[in-house]
Amino acid sequence: MTTAKPAAAPSAETSAVPSAATSEAFWNDADRHLVRYGSAFTREIIESAEGSFVTTAEGRRILDFTSGQMSAILGHSHPRIVETVQRQVASLDHLYSGMLSRPVVDLARRLAGTLPDPLEKALLLTTGAESNEAAVRMAKLVTGKHEIVSFARSWHGMTQAAASATYSAGRKGYGPGAPGNFAIPAPNPYRPDFTHADGSLDWRRQLDFGFDLIDAQSTGSLAACLVEPILSSGGIIEPPPGYFAALRDKCRERGMLLILDEAQTGLCRTGTWYAFERDGVVPDILTLSKTLGAGLPLAAVITSAEIEERAYARDFLFFTTHVADPLVAAVGNTVLDVLTEERLDERARTLGEFLRKGLTEIAERHPVVGDVRGRGLLVGLELVSDRETKQGSDELGARVTERCLALGLHMNIVQLPGMGGVLRIAPPLTATEEELALGLSILDEAIAGG
């Protein structure tokens, strides 16, 4: 029989500015006791965050150009969010999953009010992976089919159905994914695979080719297409105008549902409430997550009354521990309040133009910048070792990212085979022009010294 270890003594680190010894103890504990789940941990102890900045244990302020994990669209510790959490947690935080509360119904109604018809039925969950899992499960049930199509550079989450539809990373070594998952090429105008005579991306021919391959592989059980309006982890790849209308038509021809994953693009980040508005295409199912909770775990699946009725008639089951939790639903309502009252869709467009102009000027000064792309406050800057060949350099991207952090700017870099290093820039919608200018200045210096 084993005996449990005695509880560890509480940390002795109580000073606002810890000594080197206590910092060393922190990293010793982290290295000994934490499972590593992705890239290496940033070797900074973060003590607090407010607005566009995080503060380290040593008191160093770092400008956050990633909004946490691309989620904190209102910045860190927004006073309205803090007040909502304090108020709601004191009265009603969690319930039996079959019970309902006012914040949940209010948020479902209000989300429907931000969306075009026929999207009006919402399921409130926790993470992006969970919302995509539920959406795929619903699509399979209502169509009676099981095959799912996604972009070859997609990221939809780390649970089974979501991971099976994720092609940008994490596919090796885990055994078979869900059966019937297929990839189509991501339409990347900077690195076109199918081209017109002038070298520009021929996305129609690429899309036709992709679905010719899908049709050849399908067993006749195509259920849905799950895609991001802008592929973020794929390198901020924005499909050209007209692409999604053509993709919707491909789905309709095959009896498939179109699921749009707006985890990072939804709720004003791209300059409109939803990225799909640019294309005039309404998905059959919409998933939201990161931005909906502004940093707290809140996600949603939104669909039509017709699809919801068909799912219900077939005994749709997605009964989870934190479905329809009141605490995070109350936060979601506050997020909608702030987005509406402060017109953050307009602000994202204005700040996005400012950011894009600054990045374009950086590109003019530094030949290692191959491309600047994106929309609103979701922008990518791709670093290359040669502009003519578009040859990427993982080493350059890593050096620039490390240099940015040393200078006080946190950046996120995407490094995928066949691409250069793409810096994903997604500051809070509440950032100021002065903060964006500071970030641009640091980035400029980091690239010059890279």
# chains A, B, ... in the order shown; residues from 1 in each chain; ligands from 1
$ residues_around --residues "Thr42 in chain A" --least-positions-apart "4" --cutoff "12 Å" --atoms "only C-alpha atoms" --output "VMD selection string"
chain A and resid 27 30 36 38 46 56 401 to 402 405 to 406 410 to 412
$ residues_around --residues "Gly376 in chain A" --least-positions-apart "4" --cutoff "9 Å" --atoms "only C-alpha atoms" --output "list in words"
Cys268, Arg269, Thr270, Gly271, Thr272, Asp345, Arg347, Ala348, Arg349, Thr350, Leu351, Gly352, Glu353, Leu355 and Arg356 of chain A
$ atom_distance --atom1 "CA of Ala263 in chain A" --atom2 "CA of Lys290 in chain A"
5.3 Å
$ residues_around --residues "Ile259 in chain A" --least-positions-apart "2" --cutoff "6 Å" --atoms "only C-alpha atoms" --output "ChimeraX atom specification"
/A:225-226,283,285-286
$ write_last_selection --atoms "C-alpha atoms" --output "PDB file, in the first residue's frame"
ATOM      1  CA  CYS A 225     -17.091  21.319 -43.794  1.00  0.00           C
ATOM      2  CA  LEU A 226     -15.453  22.860 -40.693  1.00  0.00           C
ATOM      3  CA  PRO A 283     -23.003  29.276 -41.934  1.00  0.00           C
ATOM      4  CA  ILE A 285     -23.492  26.252 -37.625  1.00  0.00           C
ATOM      5  CA  LEU A 286     -21.258  28.907 -36.040  1.00  0.00           C
TER       6      LEU A 286
END
$ closest_residue --among "A:Ala426, A:Val282, A:Ile362, A:Ile447" --to "Gln69 in chain A" --atoms "only C-alpha atoms"
A:Ala426
$ closest_atom_pairs --of "range 29-126 of chain A" --to "range 319-336 of chain A" --cutoff "12 Å" --atoms "only C-alpha atoms" --output "CSV"
residue,atom,partner,partner_atom,distance
A:Ser71,CA,A:Val335,CA,11.7
A:Ala72,CA,A:Val335,CA,10.3
A:Ile73,CA,A:Val335,CA,8.9
A:Leu74,CA,A:Val335,CA,7.8
A:Gly75,CA,A:Val335,CA,11.2
A:His78,CA,A:Val335,CA,9.9
A:Pro79,CA,A:Thr334,CA,10.6
A:Arg80,CA,A:Thr334,CA,7.0
A:Ile81,CA,A:Val331,CA,6.3
A:Val82,CA,A:Val331,CA,9.0
A:Glu83,CA,A:Val331,CA,9.5
A:Thr84,CA,A:Val331,CA,6.2
A:Val85,CA,A:Val331,CA,6.8
A:Gln86,CA,A:Leu327,CA,9.6
A:Arg87,CA,A:Leu327,CA,9.3
A:Gln88,CA,A:Leu327,CA,5.8
A:Val89,CA,A:Leu327,CA,6.3
A:Ala90,CA,A:Leu327,CA,9.6
A:Ser91,CA,A:Leu327,CA,9.1
A:Leu92,CA,A:Pro326,CA,6.5
A:Asp93,CA,A:Leu327,CA,4.5
A:His94,CA,A:Asp325,CA,5.3
A:Leu95,CA,A:Asp325,CA,6.4
A:Tyr96,CA,A:Thr321,CA,7.7
A:Ser97,CA,A:Val323,CA,5.9
A:Gly98,CA,A:Phe319,CA,8.3
A:Met99,CA,A:Ala324,CA,8.2
A:Leu100,CA,A:Ala324,CA,7.1
A:Ser101,CA,A:Pro326,CA,6.2
A:Arg102,CA,A:Pro326,CA,7.7
A:Pro103,CA,A:Ala330,CA,5.1
A:Val104,CA,A:Ala329,CA,5.3
A:Val105,CA,A:Ala329,CA,8.7
A:Asp106,CA,A:Asn333,CA,7.5
A:Leu107,CA,A:Asn333,CA,5.6
A:Ala108,CA,A:Ala329,CA,8.9
A:Arg109,CA,A:Asn333,CA,10.2
A:Arg110,CA,A:Asn333,CA,7.9
A:Leu111,CA,A:Leu336,CA,8.3
A:Ala112,CA,A:Leu336,CA,11.7
A:Gly113,CA,A:Leu336,CA,10.8
A:Thr114,CA,A:Leu336,CA,9.4
A:Ala122,CA,A:Ala324,CA,9.9
A:Leu123,CA,A:Ala324,CA,7.3
A:Leu124,CA,A:Ala324,CA,5.1
A:Leu125,CA,A:Val323,CA,4.8
A:Thr126,CA,A:His322,CA,6.9
$ select_by_dssp --residues "range 230-280 of chain A" --states "strand (DSSP E)" --output "PyMOL selection string"
chain A and resi 257-261
$ write_last_selection --atoms "all heavy atoms" --output "PDB file, in the first residue's frame"
ATOM      1  N   LEU A 257     -23.216  20.356 -44.331  1.00  0.00           N
ATOM      2  CA  LEU A 257     -23.397  21.589 -43.575  1.00  0.00           C
ATOM      3  C   LEU A 257     -22.083  22.367 -43.566  1.00  0.00           C
ATOM      4  O   LEU A 257     -20.998  21.787 -43.582  1.00  0.00           O
ATOM      5  CB  LEU A 257     -23.817  21.288 -42.138  1.00  0.00           C
ATOM      6  CG  LEU A 257     -25.131  20.526 -41.955  1.00  0.00           C
ATOM      7  CD1 LEU A 257     -25.457  20.396 -40.461  1.00  0.00           C
ATOM      8  CD2 LEU A 257     -26.279  21.211 -42.686  1.00  0.00           C
ATOM      9  N   LEU A 258     -22.190  23.688 -43.538  1.00  0.00           N
ATOM     10  CA  LEU A 258     -21.011  24.554 -43.429  1.00  0.00           C
ATOM     11  C   LEU A 258     -20.895  25.050 -41.991  1.00  0.00           C
ATOM     12  O   LEU A 258     -21.791  25.723 -41.485  1.00  0.00           O
ATOM     13  CB  LEU A 258     -21.122  25.740 -44.388  1.00  0.00           C
ATOM     14  CG  LEU A 258     -19.988  26.770 -44.309  1.00  0.00           C
ATOM     15  CD1 LEU A 258     -18.643  26.120 -44.657  1.00  0.00           C
ATOM     16  CD2 LEU A 258     -20.273  27.964 -45.223  1.00  0.00           C
ATOM     17  N   ILE A 259     -19.803  24.668 -41.330  1.00  0.00           N
ATOM     18  CA  ILE A 259     -19.528  25.095 -39.958  1.00  0.00           C
ATOM     19  C   ILE A 259     -18.375  26.094 -39.998  1.00  0.00           C
ATOM     20  O   ILE A 259     -17.291  25.768 -40.501  1.00  0.00           O
ATOM     21  CB  ILE A 259     -19.140  23.910 -39.052  1.00  0.00           C
ATOM     22  CG1 ILE A 259     -20.184  22.803 -39.106  1.00  0.00           C
ATOM     23  CG2 ILE A 259     -18.921  24.383 -37.620  1.00  0.00           C
ATOM     24  CD1 ILE A 259     -19.748  21.517 -38.403  1.00  0.00           C
ATOM     25  N   LEU A 260     -18.586  27.293 -39.487  1.00  0.00           N
ATOM     26  CA  LEU A 260     -17.515  28.286 -39.399  1.00  0.00           C
ATOM     27  C   LEU A 260     -17.052  28.408 -37.956  1.00  0.00           C
ATOM     28  O   LEU A 260     -17.856  28.631 -37.047  1.00  0.00           O
ATOM     29  CB  LEU A 260     -17.985  29.644 -39.927  1.00  0.00           C
ATOM     30  CG  LEU A 260     -18.240  29.735 -41.437  1.00  0.00           C
ATOM     31  CD1 LEU A 260     -18.571  31.163 -41.824  1.00  0.00           C
ATOM     32  CD2 LEU A 260     -17.039  29.227 -42.234  1.00  0.00           C
ATOM     33  N   ASP A 261     -15.755  28.265 -37.760  1.00  0.00           N
ATOM     34  CA  ASP A 261     -15.121  28.370 -36.451  1.00  0.00           C
ATOM     35  C   ASP A 261     -14.562  29.784 -36.313  1.00  0.00           C
ATOM     36  O   ASP A 261     -13.518  30.114 -36.884  1.00  0.00           O
ATOM     37  CB  ASP A 261     -14.006  27.318 -36.359  1.00  0.00           C
ATOM     38  CG  ASP A 261     -13.202  27.402 -35.073  1.00  0.00           C
ATOM     39  OD1 ASP A 261     -13.462  28.287 -34.245  1.00  0.00           O
ATOM     40  OD2 ASP A 261     -12.283  26.561 -34.913  1.00  0.00           O
TER      41      ASP A 261
END
$ select_by_dssp --residues "range 83-137 of chain A" --states "alpha helix (DSSP H)" --output "JSON, numbers by chain"
{"A": [83, 84, 85, 86, 87, 88, 89, 102, 103, 104, 105, 106, 107, 108, 109, 110, 111, 112, 113, 128, 129, 130, 131, 132, 133, 134, 135, 136, 137]}
$ write_last_selection --atoms "N, CA and C atoms" --output "compact mmCIF listing (two decimals), in the first residue's frame"
# COMPACT_ATOMS: atom_id res chain seq x y z
N GLU A 83 -15.94 43.38 -12.17
CA GLU A 83 -17.15 43.64 -11.39
C GLU A 83 -18.19 42.54 -11.61
N THR A 84 -18.34 42.09 -12.86
CA THR A 84 -19.31 41.04 -13.16
C THR A 84 -18.94 39.74 -12.45
N VAL A 85 -17.67 39.37 -12.52
CA VAL A 85 -17.24 38.13 -11.87
C VAL A 85 -17.46 38.20 -10.37
N GLN A 86 -17.07 39.31 -9.75
CA GLN A 86 -17.23 39.45 -8.30
C GLN A 86 -18.69 39.38 -7.89
N ARG A 87 -19.56 40.03 -8.67
CA ARG A 87 -20.98 40.03 -8.34
C ARG A 87 -21.60 38.66 -8.58
N GLN A 88 -21.30 38.06 -9.73
CA GLN A 88 -21.98 36.82 -10.10
C GLN A 88 -21.50 35.64 -9.26
N VAL A 89 -20.21 35.59 -8.96
CA VAL A 89 -19.70 34.43 -8.21
C VAL A 89 -20.24 34.43 -6.79
N ARG A 102 -30.93 33.09 -15.62
CA ARG A 102 -31.17 34.26 -16.49
C ARG A 102 -29.97 34.64 -17.35
N PRO A 103 -28.72 34.64 -16.81
CA PRO A 103 -27.61 35.01 -17.68
C PRO A 103 -27.47 34.13 -18.92
N VAL A 104 -27.79 32.85 -18.79
CA VAL A 104 -27.66 31.92 -19.91
C VAL A 104 -28.68 32.24 -21.00
N VAL A 105 -29.94 32.41 -20.61
CA VAL A 105 -30.98 32.70 -21.60
C VAL A 105 -30.77 34.08 -22.21
N ASP A 106 -30.35 35.04 -21.38
CA ASP A 106 -30.08 36.39 -21.90
C ASP A 106 -28.97 36.36 -22.94
N LEU A 107 -27.90 35.62 -22.66
CA LEU A 107 -26.78 35.58 -23.60
C LEU A 107 -27.18 34.89 -24.90
N ALA A 108 -27.94 33.81 -24.82
CA ALA A 108 -28.39 33.13 -26.03
C ALA A 108 -29.23 34.08 -26.90
N ARG A 109 -30.16 34.79 -26.24
CA ARG A 109 -31.02 35.74 -26.98
C ARG A 109 -30.19 36.86 -27.61
N ARG A 110 -29.23 37.38 -26.85
CA ARG A 110 -28.45 38.51 -27.35
C ARG A 110 -27.49 38.10 -28.46
N LEU A 111 -26.91 36.91 -28.36
CA LEU A 111 -26.07 36.44 -29.45
C LEU A 111 -26.87 36.31 -30.73
N ALA A 112 -28.08 35.77 -30.62
CA ALA A 112 -28.94 35.65 -31.81
C ALA A 112 -29.21 37.03 -32.41
N GLY A 113 -29.31 38.04 -31.55
CA GLY A 113 -29.56 39.40 -32.02
C GLY A 113 -28.39 40.02 -32.78
N GLY A 128 -13.04 26.35 -27.28
CA GLY A 128 -13.21 26.22 -28.71
C GLY A 128 -13.26 24.78 -29.16
N ALA A 129 -12.40 23.95 -28.59
CA ALA A 129 -12.43 22.53 -28.95
C ALA A 129 -13.78 21.93 -28.62
N GLU A 130 -14.33 22.27 -27.45
CA GLU A 130 -15.61 21.71 -27.04
C GLU A 130 -16.73 22.18 -27.97
N SER A 131 -16.71 23.45 -28.36
CA SER A 131 -17.76 23.94 -29.25
C SER A 131 -17.67 23.28 -30.62
N ASN A 132 -16.45 23.07 -31.12
CA ASN A 132 -16.30 22.38 -32.40
C ASN A 132 -16.69 20.92 -32.29
N GLU A 133 -16.38 20.31 -31.15
CA GLU A 133 -16.79 18.93 -30.91
C GLU A 133 -18.32 18.81 -30.99
N ALA A 134 -19.00 19.74 -30.33
CA ALA A 134 -20.46 19.71 -30.32
C ALA A 134 -21.03 19.98 -31.71
N ALA A 135 -20.40 20.92 -32.44
CA ALA A 135 -20.89 21.25 -33.78
C ALA A 135 -20.75 20.06 -34.73
N VAL A 136 -19.61 19.38 -34.68
CA VAL A 136 -19.39 18.21 -35.53
C VAL A 136 -20.35 17.10 -35.15
N ARG A 137 -20.54 16.91 -33.86
CA ARG A 137 -21.46 15.88 -33.38
C ARG A 137 -22.88 16.15 -33.87
$ residues_around --residues "Glu253 in chain A" --least-positions-apart "2" --cutoff "12 Å" --atoms "only C-alpha atoms" --output "list in words"
Phe211, Asp215, Leu222, Ala223, Ala224, Ala246, Leu247, Arg248, Asp249, Lys250, Cys251, Gly255, Met256, Leu257 and Leu258 of chain A
$ write_last_selection --atoms "all heavy atoms" --output "JSON list (two decimals), in the first residue's frame"
[["chain", "number", "residue", "atom", "x", "y", "z"],
["A", 211, "PHE", "N", -11.98, 19.48, -54.01],
["A", 211, "PHE", "CA", -13.20, 18.69, -53.89],
["A", 211, "PHE", "C", -13.23, 17.51, -54.86],
["A", 211, "PHE", "O", -13.93, 16.52, -54.59],
["A", 211, "PHE", "CB", -14.43, 19.58, -54.01],
["A", 211, "PHE", "CG", -14.90, 20.09, -52.68],
["A", 211, "PHE", "CD1", -14.37, 21.26, -52.16],
["A", 211, "PHE", "CD2", -15.79, 19.38, -51.92],
["A", 211, "PHE", "CE1", -14.76, 21.72, -50.91],
["A", 211, "PHE", "CE2", -16.19, 19.81, -50.66],
["A", 211, "PHE", "CZ", -15.66, 20.99, -50.15],
["A", 215, "ASP", "N", -14.20, 13.98, -53.32],
["A", 215, "ASP", "CA", -15.18, 13.08, -53.93],
["A", 215, "ASP", "C", -14.58, 11.71, -54.23],
["A", 215, "ASP", "O", -15.26, 10.68, -54.11],
["A", 215, "ASP", "CB", -15.72, 13.70, -55.23],
["A", 215, "ASP", "CG", -16.59, 14.93, -54.97],
["A", 215, "ASP", "OD1", -17.10, 15.07, -53.84],
["A", 215, "ASP", "OD2", -16.72, 15.77, -55.88],
["A", 222, "LEU", "N", -20.53, 12.51, -46.71],
["A", 222, "LEU", "CA", -20.02, 13.83, -46.35],
["A", 222, "LEU", "C", -21.03, 14.58, -45.49],
["A", 222, "LEU", "O", -22.14, 14.87, -45.92],
["A", 222, "LEU", "CB", -19.70, 14.62, -47.62],
["A", 222, "LEU", "CG", -18.49, 14.12, -48.42],
["A", 222, "LEU", "CD1", -18.45, 14.74, -49.80],
["A", 222, "LEU", "CD2", -17.20, 14.44, -47.65],
["A", 223, "ALA", "N", -20.63, 14.90, -44.26],
["A", 223, "ALA", "CA", -21.54, 15.54, -43.31],
["A", 223, "ALA", "C", -21.36, 17.04, -43.25],
["A", 223, "ALA", "O", -22.34, 17.79, -43.23],
["A", 223, "ALA", "CB", -21.34, 14.94, -41.91],
["A", 224, "ALA", "N", -20.11, 17.52, -43.19],
["A", 224, "ALA", "CA", -19.91, 18.95, -42.97],
["A", 224, "ALA", "C", -18.51, 19.37, -43.38],
["A", 224, "ALA", "O", -17.59, 18.56, -43.50],
["A", 224, "ALA", "CB", -20.12, 19.28, -41.49],
["A", 246, "ALA", "N", -18.25, 30.22, -52.79],
["A", 246, "ALA", "CA", -18.02, 29.03, -53.62],
["A", 246, "ALA", "C", -17.92, 27.77, -52.76],
["A", 246, "ALA", "O", -18.42, 26.70, -53.15],
["A", 246, "ALA", "CB", -16.74, 29.22, -54.43],
["A", 247, "LEU", "N", -17.30, 27.89, -51.58],
["A", 247, "LEU", "CA", -17.21, 26.74, -50.67],
["A", 247, "LEU", "C", -18.60, 26.33, -50.19],
["A", 247, "LEU", "O", -18.91, 25.13, -50.13],
["A", 247, "LEU", "CB", -16.32, 27.09, -49.49],
["A", 247, "LEU", "CG", -16.15, 26.00, -48.42],
["A", 247, "LEU", "CD1", -15.49, 24.77, -49.01],
["A", 247, "LEU", "CD2", -15.36, 26.54, -47.24],
["A", 248, "ARG", "N", -19.43, 27.31, -49.88],
["A", 248, "ARG", "CA", -20.81, 27.00, -49.48],
["A", 248, "ARG", "C", -21.54, 26.25, -50.58],
["A", 248, "ARG", "O", -22.26, 25.27, -50.31],
["A", 248, "ARG", "CB", -21.55, 28.31, -49.17],
["A", 248, "ARG", "CG", -23.04, 28.13, -48.85],
["A", 248, "ARG", "CD", -23.79, 29.43, -49.08],
["A", 248, "ARG", "NE", -23.60, 29.92, -50.44],
["A", 248, "ARG", "CZ", -23.79, 31.19, -50.81],
["A", 248, "ARG", "NH1", -24.16, 32.10, -49.93],
["A", 248, "ARG", "NH2", -23.59, 31.55, -52.08],
["A", 249, "ASP", "N", -21.33, 26.66, -51.83],
["A", 249, "ASP", "CA", -21.98, 25.97, -52.95],
["A", 249, "ASP", "C", -21.50, 24.53, -53.06],
["A", 249, "ASP", "O", -22.30, 23.62, -53.34],
["A", 249, "ASP", "CB", -21.72, 26.72, -54.26],
["A", 249, "ASP", "CG", -22.41, 28.08, -54.29],
["A", 249, "ASP", "OD1", -23.32, 28.31, -53.46],
["A", 249, "ASP", "OD2", -22.02, 28.92, -55.14],
["A", 250, "LYS", "N", -20.20, 24.30, -52.85],
["A", 250, "LYS", "CA", -19.68, 22.93, -52.86],
["A", 250, "LYS", "C", -20.37, 22.09, -51.79],
["A", 250, "LYS", "O", -20.70, 20.91, -52.01],
["A", 250, "LYS", "CB", -18.17, 22.94, -52.61],
["A", 250, "LYS", "CG", -17.34, 23.61, -53.68],
["A", 250, "LYS", "CD", -17.24, 22.78, -54.94],
["A", 250, "LYS", "CE", -16.23, 23.38, -55.90],
["A", 250, "LYS", "NZ", -16.24, 22.68, -57.21],
["A", 251, "CYS", "N", -20.58, 22.69, -50.63],
["A", 251, "CYS", "CA", -21.27, 21.98, -49.54],
["A", 251, "CYS", "C", -22.71, 21.67, -49.91],
["A", 251, "CYS", "O", -23.20, 20.54, -49.70],
["A", 251, "CYS", "CB", -21.21, 22.80, -48.26],
["A", 251, "CYS", "SG", -19.57, 22.96, -47.52],
["A", 255, "GLY", "N", -24.87, 18.05, -49.99],
["A", 255, "GLY", "CA", -25.71, 17.86, -48.81],
["A", 255, "GLY", "C", -24.95, 18.03, -47.51],
["A", 255, "GLY", "O", -25.34, 17.47, -46.48],
["A", 256, "MET", "N", -23.87, 18.81, -47.54],
["A", 256, "MET", "CA", -23.04, 19.03, -46.35],
["A", 256, "MET", "C", -23.46, 20.31, -45.63],
["A", 256, "MET", "O", -23.96, 21.26, -46.25],
["A", 256, "MET", "CB", -21.56, 19.17, -46.74],
["A", 256, "MET", "CG", -20.99, 17.99, -47.50],
["A", 256, "MET", "SD", -19.38, 18.39, -48.25],
["A", 256, "MET", "CE", -18.37, 18.63, -46.78],
["A", 257, "LEU", "N", -23.22, 20.36, -44.33],
["A", 257, "LEU", "CA", -23.40, 21.59, -43.58],
["A", 257, "LEU", "C", -22.08, 22.37, -43.57],
["A", 257, "LEU", "O", -21.00, 21.79, -43.58],
["A", 257, "LEU", "CB", -23.82, 21.29, -42.14],
["A", 257, "LEU", "CG", -25.13, 20.53, -41.96],
["A", 257, "LEU", "CD1", -25.46, 20.40, -40.46],
["A", 257, "LEU", "CD2", -26.28, 21.21, -42.69],
["A", 258, "LEU", "N", -22.19, 23.69, -43.54],
["A", 258, "LEU", "CA", -21.01, 24.55, -43.43],
["A", 258, "LEU", "C", -20.89, 25.05, -41.99],
["A", 258, "LEU", "O", -21.79, 25.72, -41.49],
["A", 258, "LEU", "CB", -21.12, 25.74, -44.39],
["A", 258, "LEU", "CG", -19.99, 26.77, -44.31],
["A", 258, "LEU", "CD1", -18.64, 26.12, -44.66],
["A", 258, "LEU", "CD2", -20.27, 27.96, -45.22]]
$ closest_residue --among "A:Gly68, A:Pro239, A:Gly397, A:Pro179" --to "Gly449 in chain A" --atoms "only C-alpha atoms"
A:Gly397
$ closest_residue --among "A:Gly235, A:Leu383, A:Phe182, A:Val54" --to "Asp212 in chain A" --atoms "only C-alpha atoms"
A:Phe182
$ residues_around --residues "Asp315 in chain A" --least-positions-apart "5" --cutoff "12 Å" --atoms "only C-alpha atoms" --output "ChimeraX atom specification"
/A:137-138,141-142,308-310
$ closest_residue --among "A:Ser19, A:Leu438, A:Thr303, A:Ala49" --to "Glu120 in chain A" --atoms "only C-alpha atoms"
A:Thr303
$ closest_residue --among "A:Leu115, A:Val281, A:Ala186, A:Ile45" --to "Gly242 in chain A" --atoms "only C-alpha atoms"
A:Val281
$ closest_residue --among "A:Ser393, A:Gln415, A:Ser164, A:Ser221" --to "Pro176 in chain A" --atoms "only C-alpha atoms"
A:Ser164
$ atom_distance --atom1 "CA of Ile62 in chain A" --atom2 "CA of Pro428 in chain A"
13.8 Å
$ residues_around --residues "Pro367 in chain A" --least-positions-apart "4" --cutoff "9 Å" --atoms "only C-alpha atoms" --output "ChimeraX atom specification"
/A:363,383-387
$ write_last_selection --atoms "N, CA, C and O atoms" --output "mmCIF file, in the first residue's frame"
data_model
loop_
_atom_site.group_PDB
_atom_site.id
_atom_site.type_symbol
_atom_site.label_atom_id
_atom_site.label_comp_id
_atom_site.auth_asym_id
_atom_site.auth_seq_id
_atom_site.Cartn_x
_atom_site.Cartn_y
_atom_site.Cartn_z
ATOM 1 N N ALA A 363 7.903 46.816 -43.131
ATOM 2 C CA ALA A 363 8.237 45.963 -44.278
ATOM 3 C C ALA A 363 9.069 46.717 -45.305
ATOM 4 O O ALA A 363 9.979 46.145 -45.936
ATOM 5 N N LEU A 383 8.072 36.558 -41.877
ATOM 6 C CA LEU A 383 9.502 36.791 -42.027
ATOM 7 C C LEU A 383 10.095 35.755 -42.970
ATOM 8 O O LEU A 383 9.780 34.560 -42.877
ATOM 9 N N VAL A 384 10.949 36.197 -43.878
ATOM 10 C CA VAL A 384 11.596 35.307 -44.838
ATOM 11 C C VAL A 384 13.073 35.672 -44.929
ATOM 12 O O VAL A 384 13.474 36.803 -44.626
ATOM 13 N N SER A 385 13.873 34.729 -45.356
ATOM 14 C CA SER A 385 15.297 35.027 -45.557
ATOM 15 C C SER A 385 15.550 35.585 -46.951
ATOM 16 O O SER A 385 16.591 36.184 -47.200
ATOM 17 N N ASP A 386 14.574 35.390 -47.867
ATOM 18 C CA ASP A 386 14.719 35.884 -49.241
ATOM 19 C C ASP A 386 13.332 36.234 -49.776
ATOM 20 O O ASP A 386 12.472 35.357 -49.892
ATOM 21 N N ARG A 387 13.128 37.491 -50.109
ATOM 22 C CA ARG A 387 11.813 37.922 -50.598
ATOM 23 C C ARG A 387 11.469 37.321 -51.956
ATOM 24 O O ARG A 387 10.304 37.053 -52.244
#
$ atom_distance --atom1 "CA of Thr265 in chain A" --atom2 "CA of Pro185 in chain A"
20.3 Å
$ decode --residues "range 223-233 of chain A" --atoms "N, CA, C and O atoms" --output "short mmCIF file (atom, residue, chain, number, x, y, z; two decimals), in the first residue's frame"
data_model
loop_
_atom_site.label_atom_id
_atom_site.label_comp_id
_atom_site.auth_asym_id
_atom_site.auth_seq_id
_atom_site.Cartn_x
_atom_site.Cartn_y
_atom_site.Cartn_z
N ALA A 223 -20.63 14.90 -44.26
CA ALA A 223 -21.54 15.54 -43.31
C ALA A 223 -21.36 17.04 -43.25
O ALA A 223 -22.34 17.79 -43.23
N ALA A 224 -20.11 17.52 -43.19
CA ALA A 224 -19.91 18.95 -42.97
C ALA A 224 -18.51 19.37 -43.38
O ALA A 224 -17.59 18.56 -43.50
N CYS A 225 -18.38 20.67 -43.58
CA CYS A 225 -17.09 21.32 -43.79
C CYS A 225 -16.87 22.26 -42.61
O CYS A 225 -17.69 23.15 -42.36
N LEU A 226 -15.79 22.06 -41.87
CA LEU A 226 -15.45 22.86 -40.69
C LEU A 226 -14.22 23.68 -41.01
O LEU A 226 -13.12 23.13 -41.19
N VAL A 227 -14.37 25.01 -41.08
CA VAL A 227 -13.25 25.88 -41.48
C VAL A 227 -13.26 27.18 -40.68
O VAL A 227 -14.28 27.60 -40.14
N GLU A 228 -12.09 27.83 -40.64
CA GLU A 228 -11.95 29.16 -40.04
C GLU A 228 -12.03 30.22 -41.13
O GLU A 228 -11.43 30.05 -42.20
N PRO A 229 -12.71 31.35 -40.90
CA PRO A 229 -12.74 32.41 -41.91
C PRO A 229 -11.37 33.00 -42.19
O PRO A 229 -11.08 33.43 -43.30
N ILE A 230 -10.51 33.06 -41.15
CA ILE A 230 -9.10 33.39 -41.30
C ILE A 230 -8.33 32.34 -40.52
O ILE A 230 -8.56 32.16 -39.33
N LEU A 231 -7.43 31.64 -41.18
CA LEU A 231 -6.68 30.57 -40.51
C LEU A 231 -5.60 31.22 -39.66
O LEU A 231 -4.62 31.74 -40.19
N SER A 232 -5.76 31.17 -38.36
CA SER A 232 -4.84 31.87 -37.47
C SER A 232 -3.58 31.06 -37.21
O SER A 232 -2.47 31.48 -37.55
N SER A 233 -3.73 29.88 -36.61
CA SER A 233 -2.56 29.03 -36.36
C SER A 233 -1.92 28.58 -37.66
O SER A 233 -0.76 28.17 -37.67
#
